[in-house]
Protein chains: 2
Amino acid sequence: MSDKTSSWERLGKLITAESSEEVINYIDTLSPSETARAISRLPEEVRRHLFTLLSPEDAAEVIEDIPEAQAADLVEDMPSEQAAAIMEELDSDHLADVLGEMDEDSSQAILAQMDEDEAQEARKFLKYAPDCAGGLMISEFLSYTSDKAIQDILDDMQANREEYSGYHVQYFYVVDGKGKLGGILQMHDLLFPARKTTLAQLMIRAPLSVSDKASLSELEEFFEEHHFFGVPVVDDEQRLVGVVLPGAVEEAVNKRKTKNFLNLSGIIGGEEFRTMPLLLRSGRRLSWLSVNIVLNIMAASVIALYQDTLAAVITLAVFLPMVSDMSGCSGNQAVAVSMRELSLGLVRPGELLWVLAKEAKVGIINGLILGLLLGSIAYLWKGNPWLGLVVGGALAANTLVSVTLGGMLPLMLKRLKLDPALVSSPLLTTVTDMCGFFFVLSFAAALLPKLGGI
Amino acid sequence: MSDKTSSWERLGKLITAESSEEVINYIDTLSPSETARAISRLPEEVRRHLFTLLSPEDAAEVIEDIPEAQAADLVEDMPSEQAAAIMEELDSDHLADVLGEMDEDSSQAILAQMDEDEAQEARKFLKYAPDCAGGLMISEFLSYTSDKAIQDILDDMQANREEYSGYHVQYFYVVDGKGKLGGILQMHDLLFPARKTTLAQLMIRAPLSVSDKASLSELEEFFEEHHFFGVPVVDDEQRLVGVVLPGAVEEAVNKRKTKNFLNLSGIIGGEEFRTMPLLLRSGRRLSWLSVNIVLNIMAASVIALYQDTLAAVITLAVFLPMVSDMSGCSGNQAVAVSMRELSLGLVRPGELLWVLAKEAKVGIINGLILGLLLGSIAYLWKGNPWLGLVVGGALAANTLVSVTLGGMLPLMLKRLKLDPALVSSPLLTTVTDMCGFFFVLSFAAALLPKLGGI
């Protein structure tokens with residue numbers, strides 16, 4: 001354990017000792033997440049020194065181990081020539097991802113310093129949204145024109161063996177003179193026919209493909225329906241521009257889920273790592289908390305309106321947060337089920353009434369049971385059945401409200417093109433707080449003579 | 001839109017009309033998620049009738065379109081012979097996943113009715129945890145003994161062309177007579193050498209592999225480090241038992257994230273779909289809510305202890321839920337950052353003090369700013385600076401507590417082998433509620449003479 005926790009101290013010493021060979025040897029012994037951790041913990045000037053010690057190839061390997069947002073920060077801090085030399089060593093998809101995390105100025109400055117061909121390639125990727133087919137595709141694939149014979153392919157593969165070894169060569173793509181996708185072949189289709197057979201004779205014509213603008217959910221559906229090892233991507237003129245692998249789609253879905261989780265927890269405006277500057281971290285968190293304070297004031301103002309009732313029956317103060325918290329939890333369960341069903345396509349944003357009917361039943365049952373439970377507790381505590389009625393009735397009513405609202409909210413937000421992961425929970429909490437306070441205090445106001453003095 | 005929403009009505013009509021051909025033709029026009037939706041909305045007896053109309057092959061295709069938990073429910077309801085006939089048509093990995101979602105009795109009954117070989121294969125998968133290497137691997141791969149020549153491989157591929165077309169044939173694996181993994185070859189290694197060359201002469205020896213018991217995070221690390229298109233899985237005797245593809249690892253990570261998201265939102269004990277029986281849905285949700293009611297009572301009991309203070313300064317009742325809610329949100333931000341850093345390996349469960357130091361700074365800054373904000377609002381509202389001090393001071397103190405606790409909690413739970421996604425949030429909320437109520441009311445009690453009458 002103790003030598004693990006100090007991996008960045010060892011790395012730091014090697015860097016300060018300027019022994020670039022030992023640095024790279026040591027990094028090789030670390031797993032990618034250990035590398036990321038060690039580098040993120042280095043003091044800033046030591047980290048900067050590290051990248052001057054490494055060759056661009058070695059630096060690129062280190063960059064590939066680090067989460068993209070962090071990698072982008074590192075590269076942005078470098079002189080753009082150094083950054084460009086490193087970025088040229090990254091593969092096209094990763095390069096675009098890291099550039100995409102930077103601000104426009106930095107990424108343009110780096111592209112300007114890069115080799116013209118590589119920069120052009122990177123710009124091609126950058127113009128796509130990161131999770132459409134164009135942003136997810138790789139450009140490392142094999143394509144040939146249909147007049148080529150098997151022997152030509154074999155010669156080409158022999159000649160470029162080194163380069164192609166990292167390619168995904170489950171399929172060969174066949175294009176016409178203008179680069180339009182015309183057919184597809186599997187590697188083992190080459191094994192058996194005579195070597196002068198042309199691809200035109202062998203290929204499967206009009207293969208399935210996706211548009212470079214296809215969305216992530218279209219790609220998900222595609223790979224759900226077709227168990228292929230990759231899908232060719234074509235532009236508006238049907239020209240083959242890349243290949244999307246199913247793993248890249250899953251990875252993008254993963255990233256979206258992470259973003260949803262962070263948004264749901266109030267981490268907005270980008271991922272946070274504890275090695276980021278303090279003021280950035282605290283400022284980003286505050287930006288969300290300051291919205292939250294407004295929502296909280298709205299909810300609490302209901303209590304202010306009923307201050308007299310509360311003063312008369314001070315015991316209610318104990319139950320106010322309980323009723324609102326409990327219904328908030330019930331509502332969040334319904335939110336989660338709706339978000340899950342939406343993402344699986346089991347419910348559509350328009351089906352509000354179907355969800356309402358399904359959730360109202362759960363809301364009534366769970367509301368009655370929870371209300372009975374909390375009402376009995378209140379009654380047993382103070383010996384006043386009316387208190388039990390107020391508290392239990394309020395919880396039952398508020399559970400029904402929050403469960404039905406929680407179920408419908410993600411559908412409504414989706415229709416309004418708002419992000420349910422970002423907006424559902426704070427909106428729901430505010431409404432259930434307000435309603436919870438209102439139910440408890442207005443029921444109590446109505447029954448005030450029966451509650452006197454507890 | 002309107003013809004989309006009634007896809008299950010159309011399907012229902014076709015089923016009732018007993019026209020099995022039209023049923024399968026119609027299902028073919030639907031995307032997998034539309035199929036899943038249509039089938040889940042059918043009345044139970046119609047759904048049962050559907051599967052008697054379909055051939056086992058067609059039924060298996062439908063089953064593959066449906067989320068596993070739902071598919072398991074459907075298959076469990078069938079007579080076990082019918083279920084077995086359908087299950088035999090699923091691929092090995094999917095079969096094990098669906099069986100794994102059933103209770104032991106049902107899956108054993110189905111396995112007993114299945115073809116002996118297929119059942120044996122399925123049992124092999126079932127004995128593994130679903131997200132270790134053994135549970136994620138596929139058994140559709142090509143392996144040969146090292147004495148085979150290229151020509152033998154080509155003959156075998158030619159003879160079994162049909163069967164192998166769905167295989168992942170990026171690699172060939174080379175095993176000894178006992179099935180031990182000895183080498184690996186890529187498809188294009190077969191293209192160039194003379195056809196009588198043996199695999200022993202060509203193969204890369206001692207290839208990287210993973211144990212069948214390797215955990216999901218070990219697999220994640222493996223594919224992070226090595227950009228392979230698959231990794232061979234070996235048992236304790238180094239025998240090759242399967243291949244894990246990177247897509248399967250990403251998919252399992254996805255599933256784990258979904259489970260975390262649902263747990264975090266209080267959906268515990270399995271996924272919920274609104275087409276499940278009402279009492280199952282409401283019961284599962286209640287099981288979590290009833291734990292929550294206990295936590296809420298604990299928190300609210302602090303208010304009961306300070307009832308006199310509250311009665312004397314009734315305005316505080318407005319601020320109690322605000323202070324506890326706001327700090328709850330601050331704490332949840334810290335929880336999310338810790339969970340993210342843990343999953344990326346950027347922080348280790350033992351590094352409590354590092355997290356404490358990082359979070360304390362954010363807690364102090366954000367606590368002071370939010371405290372100043374809420375304190376000023378309280379002062380401006382009632383014109384009493386002491387009220388501002390009580391409310392603002394309580395929020396500042398409670399923010400510090402909840403941010404530091406929120407940051408450390410996932411690390412502590414991980415060390416105790418508890419699931420942070422399940423336990424962090426309710427535990428944090430309870431503690432921040434208690435502390436929030438305590439800070440507001442104890443500060444007020446100390447300053448009671450200055451607060452009189454508001």
# chains A, B, ... in the order shown; residues from 1 in each chain; ligands from 1

call {"tool": "residues_around", "arguments": {"residues": "B:Ile63", "least_positions_apart": "3", "cutoff": "12 Å", "atoms": "only C-alpha atoms", "output": "short mmCIF file (atom, residue, chain, number, x, y, z; two decimals) with N, CA and C atoms, in the first residue's frame"}}
result
data_model
loop_
_atom_site.label_atom_id
_atom_site.label_comp_id
_atom_site.auth_asym_id
_atom_site.auth_seq_id
_atom_site.Cartn_x
_atom_site.Cartn_y
_atom_site.Cartn_z
N ILE B 27 -43.79 -8.20 -36.71
CA ILE B 27 -42.72 -7.99 -35.74
C ILE B 27 -41.42 -7.62 -36.45
N PRO B 32 -36.07 -3.29 -32.38
CA PRO B 32 -36.08 -4.07 -31.13
C PRO B 32 -36.82 -3.37 -29.99
N SER B 33 -36.64 -2.05 -29.85
CA SER B 33 -37.30 -1.42 -28.70
C SER B 33 -38.80 -1.31 -28.93
N THR B 35 -40.53 -3.60 -30.56
CA THR B 35 -41.00 -4.95 -30.25
C THR B 35 -41.16 -5.13 -28.75
N ALA B 36 -40.12 -4.74 -28.01
CA ALA B 36 -40.17 -4.89 -26.56
C ALA B 36 -41.36 -4.13 -25.99
N ILE B 39 -44.76 -5.86 -27.00
CA ILE B 39 -45.02 -7.11 -26.27
C ILE B 39 -45.32 -6.86 -24.81
N SER B 40 -44.60 -5.88 -24.23
CA SER B 40 -44.84 -5.63 -22.81
C SER B 40 -46.23 -5.06 -22.56
N LEU B 50 -49.20 -15.50 -28.10
CA LEU B 50 -48.21 -15.15 -29.11
C LEU B 50 -47.13 -16.22 -29.21
N PHE B 51 -46.61 -16.65 -28.05
CA PHE B 51 -45.48 -17.57 -28.09
C PHE B 51 -45.88 -18.99 -28.49
N LEU B 54 -45.63 -18.76 -32.44
CA LEU B 54 -44.32 -18.62 -33.07
C LEU B 54 -43.52 -19.91 -33.01
N PRO B 56 -39.99 -21.89 -32.33
CA PRO B 56 -38.94 -21.58 -31.35
C PRO B 56 -37.91 -20.59 -31.89
N GLU B 57 -37.52 -20.72 -33.18
CA GLU B 57 -36.53 -19.80 -33.74
C GLU B 57 -37.05 -18.36 -33.71
N ASP B 58 -38.30 -18.18 -34.18
CA ASP B 58 -38.88 -16.84 -34.20
C ASP B 58 -39.05 -16.30 -32.78
N ALA B 59 -39.50 -17.18 -31.88
CA ALA B 59 -39.69 -16.75 -30.49
C ALA B 59 -38.36 -16.30 -29.90
N ALA B 60 -37.28 -17.04 -30.21
CA ALA B 60 -35.97 -16.67 -29.68
C ALA B 60 -35.55 -15.29 -30.17
N ILE B 66 -35.89 -8.17 -26.12
CA ILE B 66 -36.52 -7.70 -24.89
C ILE B 66 -35.47 -7.61 -23.79
N PRO B 67 -35.55 -6.56 -22.91
CA PRO B 67 -34.61 -6.51 -21.79
C PRO B 67 -34.63 -7.83 -21.01
N GLU B 68 -33.45 -8.25 -20.50
CA GLU B 68 -33.32 -9.59 -19.93
C GLU B 68 -34.31 -9.88 -18.79
N ALA B 69 -34.50 -8.90 -17.91
CA ALA B 69 -35.38 -9.14 -16.76
C ALA B 69 -36.80 -9.47 -17.25
N GLN B 70 -37.24 -8.72 -18.28
CA GLN B 70 -38.56 -8.95 -18.84
C GLN B 70 -38.62 -10.29 -19.56
N ALA B 71 -37.57 -10.59 -20.32
CA ALA B 71 -37.53 -11.85 -21.06
C ALA B 71 -37.62 -13.02 -20.09
N ALA B 72 -36.90 -12.92 -18.97
CA ALA B 72 -36.91 -13.99 -17.98
C ALA B 72 -38.33 -14.20 -17.44
N ASP B 73 -39.03 -13.10 -17.17
CA ASP B 73 -40.41 -13.22 -16.68
C ASP B 73 -41.30 -13.94 -17.68
N LEU B 74 -41.15 -13.55 -18.95
CA LEU B 74 -41.96 -14.17 -20.00
C LEU B 74 -41.70 -15.68 -20.07
N VAL B 75 -40.42 -16.05 -20.10
CA VAL B 75 -40.05 -17.44 -20.28
C VAL B 75 -40.46 -18.26 -19.06
N ALA B 83 -40.44 -23.45 -23.12
CA ALA B 83 -39.35 -22.55 -22.77
C ALA B 83 -38.01 -23.11 -23.22
N ILE B 86 -37.31 -22.78 -26.93
CA ILE B 86 -36.93 -21.41 -27.30
C ILE B 86 -35.52 -21.10 -26.84
N MET B 87 -35.21 -21.47 -25.61
CA MET B 87 -33.91 -21.13 -25.03
C MET B 87 -32.76 -21.78 -25.80
N GLU B 88 -33.02 -22.96 -26.36
CA GLU B 88 -31.97 -23.62 -27.13
C GLU B 88 -31.53 -22.79 -28.33
N GLU B 89 -32.40 -21.90 -28.79
CA GLU B 89 -32.08 -21.10 -29.98
C GLU B 89 -31.28 -19.84 -29.65
N LEU B 90 -31.17 -19.50 -28.36
CA LEU B 90 -30.40 -18.29 -27.98
C LEU B 90 -28.91 -18.59 -28.00
N ASP B 91 -28.07 -17.55 -28.20
CA ASP B 91 -26.63 -17.83 -28.10
C ASP B 91 -26.23 -17.97 -26.62
N HIS B 94 -26.24 -14.97 -24.05
CA HIS B 94 -27.57 -14.42 -23.81
C HIS B 94 -28.43 -15.40 -23.01
N LEU B 95 -28.31 -16.69 -23.38
CA LEU B 95 -29.03 -17.75 -22.67
C LEU B 95 -28.73 -17.70 -21.18
N ASP B 97 -27.58 -15.22 -19.46
CA ASP B 97 -28.09 -13.99 -18.87
C ASP B 97 -29.56 -14.11 -18.52
N VAL B 98 -30.35 -14.68 -19.46
CA VAL B 98 -31.79 -14.80 -19.21
C VAL B 98 -32.04 -15.80 -18.08
#

call {"tool": "select_by_dssp", "arguments": {"residues": "stretch 99-140 of chain A", "states": "alpha helix (DSSP H)", "output": "number ranges by chain"}}
result
A: 99-101, 104-113, 116-126, 133-136

call {"tool": "write_last_selection", "arguments": {"atoms": "C-alpha atoms", "output": "PDB file, in the first residue's frame"}}
result
ATOM      1  CA  LEU A  99      -9.171  18.615 -28.958  1.00  0.00           C
ATOM      2  CA  GLY A 100     -12.928  18.704 -28.451  1.00  0.00           C
ATOM      3  CA  GLU A 101     -12.447  19.155 -24.688  1.00  0.00           C
ATOM      4  CA  GLU A 104     -11.684  26.780 -29.627  1.00  0.00           C
ATOM      5  CA  ASP A 105      -8.587  29.025 -29.478  1.00  0.00           C
ATOM      6  CA  SER A 106      -6.277  26.412 -27.983  1.00  0.00           C
ATOM      7  CA  SER A 107      -7.363  23.659 -30.331  1.00  0.00           C
ATOM      8  CA  GLN A 108      -6.979  25.918 -33.389  1.00  0.00           C
ATOM      9  CA  ALA A 109      -3.498  26.979 -32.259  1.00  0.00           C
ATOM     10  CA  ILE A 110      -2.455  23.335 -31.931  1.00  0.00           C
ATOM     11  CA  LEU A 111      -4.004  22.333 -35.268  1.00  0.00           C
ATOM     12  CA  ALA A 112      -2.124  25.167 -36.966  1.00  0.00           C
ATOM     13  CA  GLN A 113       1.179  23.678 -35.755  1.00  0.00           C
ATOM     14  CA  GLU A 116      -1.229  19.524 -42.654  1.00  0.00           C
ATOM     15  CA  ASP A 117      -2.647  16.054 -43.447  1.00  0.00           C
ATOM     16  CA  GLU A 118      -3.128  15.127 -39.817  1.00  0.00           C
ATOM     17  CA  ALA A 119      -4.690  18.480 -39.015  1.00  0.00           C
ATOM     18  CA  GLN A 120      -7.111  18.099 -41.926  1.00  0.00           C
ATOM     19  CA  GLU A 121      -8.080  14.649 -40.676  1.00  0.00           C
ATOM     20  CA  ALA A 122      -8.605  15.982 -37.158  1.00  0.00           C
ATOM     21  CA  ARG A 123     -10.706  18.899 -38.419  1.00  0.00           C
ATOM     22  CA  LYS A 124     -12.891  16.395 -40.254  1.00  0.00           C
ATOM     23  CA  PHE A 125     -13.622  14.650 -36.942  1.00  0.00           C
ATOM     24  CA  LEU A 126     -13.990  17.882 -34.988  1.00  0.00           C
ATOM     25  CA  ALA A 133     -21.542   8.427 -36.093  1.00  0.00           C
ATOM     26  CA  GLY A 134     -19.009  10.893 -37.527  1.00  0.00           C
ATOM     27  CA  GLY A 135     -17.594  11.607 -34.085  1.00  0.00           C
ATOM     28  CA  LEU A 136     -17.420   7.946 -33.064  1.00  0.00           C
TER      29      LEU A 136
END

call {"tool": "interface_residues", "arguments": {"of": "chain B", "to": "chain A", "cutoff": "6 Å", "atoms": "only C-alpha atoms", "output": "PDB file with C-alpha atoms, in the first residue's frame"}}
result
ATOM      1  CA  SER B  33     -37.295  -1.424 -28.704  1.00  0.00           C
ATOM      2  CA  ARG B  37     -42.683  -2.120 -25.980  1.00  0.00           C
ATOM      3  CA  GLY B 247     -17.857  -4.604 -26.335  1.00  0.00           C
ATOM      4  CA  GLU B 250     -18.383  -1.976 -22.017  1.00  0.00           C
ATOM      5  CA  ASN B 254     -23.147   0.042 -18.698  1.00  0.00           C
ATOM      6  CA  SER B 265     -32.789   6.695  -6.832  1.00  0.00           C
ATOM      7  CA  GLY B 266     -34.233   4.142  -4.417  1.00  0.00           C
ATOM      8  CA  ILE B 267     -35.176   1.407  -6.907  1.00  0.00           C
ATOM      9  CA  SER B 282     -45.367  -0.949  -5.029  1.00  0.00           C
ATOM     10  CA  ASN B 296     -36.224  10.372   8.796  1.00  0.00           C
ATOM     11  CA  ALA B 300     -36.504  14.757  12.956  1.00  0.00           C
ATOM     12  CA  ILE B 303     -36.262  18.984  16.276  1.00  0.00           C
ATOM     13  CA  VAL B 318     -38.824  28.258   7.785  1.00  0.00           C
ATOM     14  CA  MET B 322     -33.593  25.030   3.897  1.00  0.00           C
ATOM     15  CA  ASN B 332     -24.191  14.899  -2.774  1.00  0.00           C
ATOM     16  CA  GLN B 333     -21.874  16.813  -5.090  1.00  0.00           C
ATOM     17  CA  GLY B 345      -8.904   4.709  -9.959  1.00  0.00           C
ATOM     18  CA  LEU B 346      -7.865   8.339  -9.347  1.00  0.00           C
ATOM     19  CA  VAL B 362     -14.328  23.594  -0.855  1.00  0.00           C
TER      20      VAL B 362
END

call {"tool": "select_by_dssp", "arguments": {"residues": "stretch 135-366 of chain A", "states": "strand (DSSP E or B)", "output": "PyMOL selection string"}}
result
chain A and resi 138+143-145+149+171-175+180-186+198+204-205+210-211+231-234+239-244

call {"tool": "write_last_selection", "arguments": {"atoms": "C-alpha atoms", "output": "PDB file, in the first residue's frame"}}
result
ATOM      1  CA  ILE A 138     -12.417   5.384 -36.819  1.00  0.00           C
ATOM      2  CA  SER A 143     -11.144  -0.190 -48.563  1.00  0.00           C
ATOM      3  CA  TYR A 144     -10.423  -1.065 -52.197  1.00  0.00           C
ATOM      4  CA  THR A 145     -12.035  -0.366 -55.542  1.00  0.00           C
ATOM      5  CA  ALA A 149      -8.291  -8.765 -57.501  1.00  0.00           C
ATOM      6  CA  TYR A 171     -14.338  -6.534 -43.012  1.00  0.00           C
ATOM      7  CA  PHE A 172     -13.005  -5.064 -46.260  1.00  0.00           C
ATOM      8  CA  TYR A 173     -15.018  -2.303 -47.852  1.00  0.00           C
ATOM      9  CA  VAL A 174     -15.387  -1.949 -51.610  1.00  0.00           C
ATOM     10  CA  VAL A 175     -15.788   1.538 -53.101  1.00  0.00           C
ATOM     11  CA  LYS A 180     -18.915   5.580 -52.815  1.00  0.00           C
ATOM     12  CA  LEU A 181     -19.539   2.471 -50.771  1.00  0.00           C
ATOM     13  CA  GLY A 182     -20.535  -0.373 -53.077  1.00  0.00           C
ATOM     14  CA  GLY A 183     -19.873  -3.623 -51.271  1.00  0.00           C
ATOM     15  CA  ILE A 184     -18.403  -5.458 -48.356  1.00  0.00           C
ATOM     16  CA  LEU A 185     -16.260  -8.579 -47.884  1.00  0.00           C
ATOM     17  CA  GLN A 186     -15.134 -10.561 -44.891  1.00  0.00           C
ATOM     18  CA  THR A 198     -12.003  -9.454 -58.539  1.00  0.00           C
ATOM     19  CA  ILE A 204     -21.903  -8.515 -50.976  1.00  0.00           C
ATOM     20  CA  ARG A 205     -23.542  -5.591 -52.717  1.00  0.00           C
ATOM     21  CA  VAL A 210     -25.226   4.535 -41.413  1.00  0.00           C
ATOM     22  CA  SER A 211     -25.101   8.247 -42.150  1.00  0.00           C
ATOM     23  CA  VAL A 231     -20.784  -0.573 -39.538  1.00  0.00           C
ATOM     24  CA  PRO A 232     -19.536   1.580 -42.442  1.00  0.00           C
ATOM     25  CA  VAL A 233     -20.298   5.294 -42.196  1.00  0.00           C
ATOM     26  CA  VAL A 234     -21.172   7.260 -45.342  1.00  0.00           C
ATOM     27  CA  ARG A 239     -18.953   8.117 -49.796  1.00  0.00           C
ATOM     28  CA  LEU A 240     -17.338   5.850 -47.217  1.00  0.00           C
ATOM     29  CA  VAL A 241     -15.806   8.059 -44.523  1.00  0.00           C
ATOM     30  CA  GLY A 242     -15.227   5.705 -41.591  1.00  0.00           C
ATOM     31  CA  VAL A 243     -16.304   2.696 -39.578  1.00  0.00           C
ATOM     32  CA  VAL A 244     -18.103   2.658 -36.242  1.00  0.00           C
TER      33      VAL A 244
END

call {"tool": "residues_around", "arguments": {"residues": "A:Leu216", "least_positions_apart": "3", "cutoff": "6 Å", "atoms": "only C-alpha atoms", "output": "list of chain:residue names"}}
result
A:Asp131, A:Cys132, A:Leu219

call {"tool": "atom_distance", "arguments": {"atom1": "atom CA of B:Gly12", "atom2": "atom CA of A:Met412"}}
result
28.4 Å

call {"tool": "atom_distance", "arguments": {"atom1": "atom CA of A:Thr197", "atom2": "atom CA of A:Ile150"}}
result
6.0 Å
